[in-house]
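A.B. asks: Can you keep this structure in mind? I'll have questions shortly.
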Amino acid sequence: MTHPIRFGFGAIAISSCLTLRSRPKGGVSKGEAATRAWGALTAVLLLLASPAAAELRIDITSGNVEPMPIAVTDFWGAVAPDIEVGREVARVVAADLERSGLFSPIDSRAFIQTPESLQAAPRFGDWRVINAQALIGGKAERQADGRLKVEFRLWDVYAGQQMAGLAYFTTPDNWRRVAHIVADAIYKRLTGEEGYFDSRIVYIAESGPKDKRVKRLAIMDQDGENHRYLTDGRNLVLTPRFSPSTQEITYLSYYGKRPRVYLFNIDTGQQEVLGDFPGMTFAPRFSPDGNRVIMSMAHNGNSDIYSMDLRTRKQTRLTNDPSIDTSPSYSPDGKMVAFNSDRGGSQQLYVMNANGSGVTRVSFGKGRYGTPVWSPRGDLIAFTRMADGQFYIGVMRPDGSGERLLTEGYLVEGPTWAPNGRVLSFFRQASGGGATRVYTIDLTGYNEREVITPLDASDPAWSPLIP
């Protein structure tokens with residue numbers, strides 16, 4: 001039974017439970033299954049009775065949005081370890097929200113009310129005077145059983161009312177993930193859209209001279225933290241992709257100069273060979289249900305699209321054309337496939353039914369198009385476009401209408417969607433073959449950010465929200 005948590009004036013607690021998987025620390029040695037800790041996280045909803053007022057909301061569909069000024073206070077703690085955790089949780093929450101481009105955290109030196117006094121009730125006048133529209137406060141506290149409790153509240157400053165409140169119980173080393181979950185809850189409450197902060201990015205870490213690059217599979221949180229390498233670099237790895245469950249990654253690796261497709265289990269560190277596919281040009285992507293993969297394979301110099309049932313390993317050929325068909329991507333309902341092909345004389349984007357029927361060209365702009373990726377929302381397809389010596393990352397509707405170019409450069413490529421379908425990641429190489437880095441950008445095209453990595457980074461793939 002979950003008891004109501006008293007937080008200032010009278011609170012009503014409604015409990016719900018979910019399982020939180022702890023992030024593994026360190027790398028995975030070859031041939032060894034890593035031990036994975038499981039942490040149980042309980043979320044308790046904290047509600048307050050408040051008068052009706054106009055809803056504080058950001059409309060993220062209206063183009064370039066002026067960031068909302070928000071105040072994120074340190075989460076209060078009574079003793080030194082809790083004080084430090086509370087400070088770090090607040091820092092991560094503020095950084096997540098700021099990085100979205102929709103929020104502008106106010107410098108804490110302007111705060112009048114202290115985190116401790118905020119535990120009783122907000123003095124809304126103190127926050128209005130510094131122009132805060134939303135206020136976030138919280139508390140971090142170790143429990144007698146060793147668990148960490150992190151709670152937060154979100155207030156509408158001008159209406160003088162609470163908008164959201166949750167308390168989480170988890171293992172102490174999960175504080176960073178709790179911070180991302182808190183940021184997701186705030187993002188959703190203020191935008192009406194799902195958040196994307198509790199997610200990871202897998203990518204190819206590159207090092208060494210240009211003629212002898214070492215490429216390793218690496219994974220990190222979406223903000224670049226909790227970085228680790230998944231492979232040791234002895235074999236070339238390419239095109240990693242997440243499964244819908246986020247527990248497995250599929251990628252292409254060359255073993256003994258032969259291309260192999262692997263399934264890598266993030267929890268155990270174990271790898272499984274999906275198959276040897278000589279001449280395959282791109283590693284497969286999972287179907288939305290996780291039961292199939294779709295890929296491009298080359299036979300006798302010609303590339304076509306195939307699907308494979310992961311349970312039976314049976315392959316089904318979906319295209320049969322003398323052109324080069326590559327880079328397939330399922331729609332989120334699994335009924336359609338986007339791919340690129342030169343069957344019309346130049347490399348363009350096409351869509352077809354999942355069984356290979358009904359092939360239709362959807363791109364008609366200047367230049368060549370490639371690497372189509374269907375949005376998790378199903379409303380857009382992201383792509384790379386090459387024209388007049390420049391590369392572009394853009395989006396279009398599945399029927400080809402509404403094309404928009406979001407960013408350009410000497411080399412920008414490999415778009416991948418955040419789980420909420422509002423943000424993209426991609427990689428950018430500096431002119432003249434310089435450094436290669438991973439970036440994110442939102443659908444307005446105004447909020448481009450680098451994700452800091454230890455080495456050069458290419459070919460990112462964004463996970464779904466972590467279960």
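Going through the structure tokens in order, the chains are called A, B, and so on, while each chain numbers its residues from 1 and the ligands are numbered from 1 in the order shown.
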For the contact check between segment 178-229 of chain A and segment 135-152 of chain A, emit one row per residue of segment 178-229 of chain A within 9 Å, containing the shortest atom pair and the distance in Å rounded to one decimal, counting only C-alpha atoms, chain then rising number order, as CSV.

C.D. replies:
residue,atom,partner,partner_atom,distance
A:Val178,CA,A:Val150,CA,7.7
A:Ala179,CA,A:Val150,CA,8.7
A:Val182,CA,A:Phe152,CA,7.6
A:Ile186,CA,A:Ile136,CA,8.8

A.B. asks: Include N, CA and C atoms and write out the residues we just selected as a PDB file, in the first residue's frame.

C.D. replies:
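Saved result, result09.pdb, follows:
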ATOM      1  N   VAL A 178      16.542   9.134 -13.077  1.00  0.00           N
ATOM      2  CA  VAL A 178      15.370   9.773 -12.490  1.00  0.00           C
ATOM      3  C   VAL A 178      15.272  11.219 -12.963  1.00  0.00           C
ATOM      4  N   ALA A 179      16.415  11.908 -13.036  1.00  0.00           N
ATOM      5  CA  ALA A 179      16.411  13.296 -13.496  1.00  0.00           C
ATOM      6  C   ALA A 179      15.874  13.393 -14.920  1.00  0.00           C
ATOM      7  N   VAL A 182      12.123  12.929 -14.775  1.00  0.00           N
ATOM      8  CA  VAL A 182      11.488  14.157 -14.295  1.00  0.00           C
ATOM      9  C   VAL A 182      11.401  15.172 -15.427  1.00  0.00           C
ATOM     10  N   ILE A 186       7.995  16.966 -17.075  1.00  0.00           N
ATOM     11  CA  ILE A 186       7.801  18.407 -17.184  1.00  0.00           C
ATOM     12  C   ILE A 186       7.583  18.811 -18.631  1.00  0.00           C
TER      13      ILE A 186
END

A.B. asks: Which residues, written as a PyMOL selection string, have at least one atom at most 8 Å from segment 392-397 of chain A, with only C-alpha atoms counted and residues fewer than 4 positions away on the same chain left out?

C.D. replies: chain A and resi 379-386+401-409+411-413+415

A.B. asks: Can those selected residues be exported to a file as a short mmCIF file (atom, residue, chain, number, x, y, z; two decimals), in the first residue's frame so that it contains C-alpha atoms?

C.D. replies:
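What landed in again_34.cif:
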data_model
loop_
_atom_site.label_atom_id
_atom_site.label_comp_id
_atom_site.auth_asym_id
_atom_site.auth_seq_id
_atom_site.Cartn_x
_atom_site.Cartn_y
_atom_site.Cartn_z
CA ASP A 379 3.83 11.81 -40.09
CA LEU A 380 7.24 12.50 -41.65
CA ILE A 381 10.20 10.85 -43.36
CA ALA A 382 13.67 12.27 -42.65
CA PHE A 383 16.34 12.04 -45.35
CA THR A 384 19.73 13.17 -46.60
CA ARG A 385 19.77 15.28 -49.76
CA MET A 386 22.83 15.99 -51.93
CA SER A 401 4.67 16.85 -49.92
CA GLY A 402 5.83 19.52 -47.48
CA GLU A 403 9.56 19.03 -47.98
CA ARG A 404 11.69 21.15 -45.61
CA LEU A 405 15.48 21.31 -45.28
CA LEU A 406 16.60 21.69 -41.66
CA THR A 407 20.39 21.97 -41.90
CA GLU A 408 23.19 21.81 -44.45
CA GLY A 409 26.95 21.38 -44.58
CA LEU A 411 28.82 16.56 -45.11
CA VAL A 412 25.70 16.03 -43.01
CA GLU A 413 24.19 12.57 -43.09
CA PRO A 415 19.31 11.24 -39.66
#

A.B. asks: Please provide as a ChimeraX atom specification all residues within 8 Å of segment 201-207 of chain A, with the sequence filter that same-chain residues fewer than 6 positions apart are discarded (counting only C-alpha atoms).

C.D. replies: /A:213-222,237-242,455-463

A.B. asks: Enumerate as an mmCIF file with C-alpha atoms, in the first residue's frame all residues of segment 144-272 of chain A assigned to strand (DSSP E or B) by DSSP on the backbone, naming them with the chain letters and numbers the document uses.

C.D. replies:
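selection-v2.cif, written as the output of this step:
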data_model
loop_
_atom_site.group_PDB
_atom_site.id
_atom_site.type_symbol
_atom_site.label_atom_id
_atom_site.label_comp_id
_atom_site.auth_asym_id
_atom_site.auth_seq_id
_atom_site.Cartn_x
_atom_site.Cartn_y
_atom_site.Cartn_z
ATOM 1 C CA LEU A 148 16.573 7.040 -2.817
ATOM 2 C CA LYS A 149 13.378 9.086 -2.944
ATOM 3 C CA VAL A 150 13.316 11.956 -5.435
ATOM 4 C CA GLU A 151 10.203 14.092 -5.638
ATOM 5 C CA PHE A 152 9.398 17.152 -7.681
ATOM 6 C CA ARG A 153 6.631 19.670 -8.225
ATOM 7 C CA LEU A 154 5.945 21.888 -11.224
ATOM 8 C CA TRP A 155 4.092 25.162 -10.613
ATOM 9 C CA ASP A 156 2.486 27.720 -12.895
ATOM 10 C CA GLN A 161 -1.074 26.632 -8.901
ATOM 11 C CA GLN A 162 0.608 23.251 -9.144
ATOM 12 C CA MET A 163 0.674 21.597 -12.558
ATOM 13 C CA ALA A 164 2.399 18.285 -11.769
ATOM 14 C CA GLY A 165 4.006 16.405 -8.903
ATOM 15 C CA LEU A 166 5.666 13.005 -8.631
ATOM 16 C CA ALA A 167 7.831 11.120 -6.146
ATOM 17 C CA TYR A 168 10.173 8.349 -7.279
ATOM 18 C CA PHE A 169 11.772 5.586 -5.221
ATOM 19 C CA THR A 170 14.801 3.872 -6.727
ATOM 20 C CA ARG A 200 20.105 6.579 -25.465
ATOM 21 C CA ILE A 201 22.076 6.993 -28.670
ATOM 22 C CA VAL A 202 24.290 4.311 -30.173
ATOM 23 C CA TYR A 203 26.867 5.401 -32.734
ATOM 24 C CA ILE A 204 30.198 4.593 -34.392
ATOM 25 C CA ALA A 205 33.224 5.963 -32.509
ATOM 26 C CA GLU A 206 36.087 6.650 -34.925
ATOM 27 C CA SER A 207 39.796 7.144 -34.274
ATOM 28 C CA VAL A 214 39.330 2.212 -36.030
ATOM 29 C CA LYS A 215 35.557 2.052 -35.697
ATOM 30 C CA ARG A 216 33.927 0.910 -32.467
ATOM 31 C CA LEU A 217 30.331 0.587 -31.416
ATOM 32 C CA ALA A 218 29.590 3.056 -28.596
ATOM 33 C CA ILE A 219 26.522 3.991 -26.570
ATOM 34 C CA MET A 220 25.603 6.990 -24.394
ATOM 35 C CA ASP A 221 22.636 8.753 -22.872
ATOM 36 C CA ARG A 228 30.869 3.417 -22.999
ATOM 37 C CA TYR A 229 32.230 1.306 -25.846
ATOM 38 C CA VAL A 237 31.494 -1.954 -37.413
ATOM 39 C CA LEU A 238 28.853 0.004 -39.339
ATOM 40 C CA THR A 239 25.213 1.160 -39.215
ATOM 41 C CA PRO A 240 23.986 0.289 -35.692
ATOM 42 C CA ARG A 241 20.207 0.301 -35.121
ATOM 43 C CA PHE A 242 18.086 -0.228 -31.982
ATOM 44 C CA GLU A 248 19.221 -5.153 -28.688
ATOM 45 C CA ILE A 249 21.249 -3.435 -31.372
ATOM 46 C CA THR A 250 21.695 -4.753 -34.867
ATOM 47 C CA TYR A 251 24.782 -3.734 -36.819
ATOM 48 C CA LEU A 252 27.070 -4.739 -39.655
ATOM 49 C CA SER A 253 30.623 -5.896 -38.929
ATOM 50 C CA TYR A 254 33.400 -7.250 -41.094
ATOM 51 C CA TYR A 255 34.888 -10.428 -39.707
ATOM 52 C CA ARG A 258 33.308 -10.901 -44.706
ATOM 53 C CA PRO A 259 30.283 -8.775 -43.766
ATOM 54 C CA ARG A 260 28.186 -10.188 -40.946
ATOM 55 C CA VAL A 261 25.071 -8.876 -39.293
ATOM 56 C CA TYR A 262 25.086 -9.097 -35.504
ATOM 57 C CA LEU A 263 22.522 -8.749 -32.761
ATOM 58 C CA PHE A 264 24.062 -7.247 -29.617
ATOM 59 C CA ASN A 265 22.229 -7.552 -26.291
ATOM 60 C CA GLN A 271 26.475 -11.029 -29.532
ATOM 61 C CA GLU A 272 24.655 -13.275 -31.973
#

A.B. asks: Between atom CA of Pro328 of chain A and atom CA of Leu424 of chain A, what is the spacing in Å?

C.D. replies: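 Rounded to one decimal, the two atoms are 17.9 Å apart.
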
A.B. asks: So which one's closest to Asp96 of chain A, A:Gly195, A:Pro172, A:Pro398, A:Pro67? Using only C-alpha atoms, please.

C.D. replies: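 Checking each of A:Gly195, A:Pro172, A:Pro398, A:Pro67 against Asp96 of chain A, counting only C-alpha atoms, the winner is A:Gly195.
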
A.B. asks: Kindly indicate which residue among A:Ser323, A:Ser287, A:Ser357, A:Ser307 lies nearest to Ser243 of chain A, using only C-alpha atoms for the distances.

C.D. replies: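 Comparing A:Ser323, A:Ser287, A:Ser357, A:Ser307 against Ser243 of chain A, the winner is A:Ser287.
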
A.B. asks: Write out as a PyMOL selection string each polymer residue whose atoms come within 8 Å of Asn353 of chain A, counting only C-alpha atoms; drop sequence neighbours fewer than 3 positions from it.

C.D. replies: chain A and resi 335-337+356-359

A.B. asks: How would the residues just chosen look if you wrote them out with C-alpha atoms as a compact mmCIF listing (two decimals), in the first residue's frame?

C.D. replies:
# COMPACT_ATOMS: atom_id res chain seq x y z
CA LYS A 335 2.62 -1.52 -43.14
CA MET A 336 4.92 0.57 -45.36
CA VAL A 337 8.61 0.78 -46.22
CA GLY A 356 6.99 -5.05 -51.79
CA SER A 357 3.92 -4.00 -53.78
CA GLY A 358 2.80 -0.52 -54.74
CA VAL A 359 6.21 1.14 -55.21

A.B. asks: Neighbouring residues of Pro322 of chain A were defined as those with any atom within 12 Å, considering only C-alpha atoms; residues of the same chain fewer than 3 positions away were excluded. Please report them as an MDAnalysis selection string.

C.D. replies: chainID A and resid 298:305 319 325 341:345

A.B. asks: Need to verify the contact set: Gly101 of chain A, 9 Å, only C-alpha atoms, exclusion of same-chain residues closer than 2 positions in sequence. Can you return it as a PDB file with C-alpha atoms, in the first residue's frame?

C.D. replies:
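Below is the file that was written, selection35.pdb:
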ATOM      1  CA  VAL A  65       9.242  29.226 -30.353  1.00  0.00           C
ATOM      2  CA  GLU A  66      10.474  31.803 -27.846  1.00  0.00           C
ATOM      3  CA  PRO A  67      11.927  29.767 -24.936  1.00  0.00           C
ATOM      4  CA  LEU A  97      14.957  21.312 -20.757  1.00  0.00           C
ATOM      5  CA  GLU A  98      17.370  23.979 -21.994  1.00  0.00           C
ATOM      6  CA  ARG A  99      18.791  21.694 -24.670  1.00  0.00           C
ATOM      7  CA  PHE A 103      12.944  26.493 -22.126  1.00  0.00           C
ATOM      8  CA  SER A 104      15.320  29.106 -20.741  1.00  0.00           C
ATOM      9  CA  ASP A 442      14.487  20.049 -33.811  1.00  0.00           C
ATOM     10  CA  TYR A 446      16.569  26.554 -35.195  1.00  0.00           C
ATOM     11  CA  ASN A 447      17.985  24.461 -32.375  1.00  0.00           C
ATOM     12  CA  GLU A 448      21.091  22.602 -33.532  1.00  0.00           C
TER      13      GLU A 448
END

A.B. asks: Which residues are near Asp289 of chain A? Cut-off 8 Å, only C-alpha atoms, ignore same chain within fewer than 2 positions. Put them as a compact mmCIF listing (two decimals) with N, CA and C atoms, in the first residue's frame.

C.D. replies:
# COMPACT_ATOMS: atom_id res chain seq x y z
N PRO A 244 13.01 -2.28 -31.13
CA PRO A 244 11.93 -1.53 -30.48
C PRO A 244 11.96 -1.62 -28.96
N PHE A 286 15.09 -3.01 -37.60
CA PHE A 286 14.02 -3.83 -37.06
C PHE A 286 12.66 -3.36 -37.55
N SER A 287 11.73 -4.30 -37.63
CA SER A 287 10.33 -3.94 -37.81
C SER A 287 9.79 -3.40 -36.50
N ASN A 291 10.02 -8.43 -34.71
CA ASN A 291 10.08 -9.82 -35.17
C ASN A 291 10.81 -9.99 -36.50
N ARG A 292 11.02 -8.88 -37.20
CA ARG A 292 11.68 -8.95 -38.50
C ARG A 292 12.74 -7.87 -38.60
N GLY A 334 4.34 -0.64 -39.39
CA GLY A 334 4.86 -1.81 -40.08
C GLY A 334 4.23 -2.11 -41.41
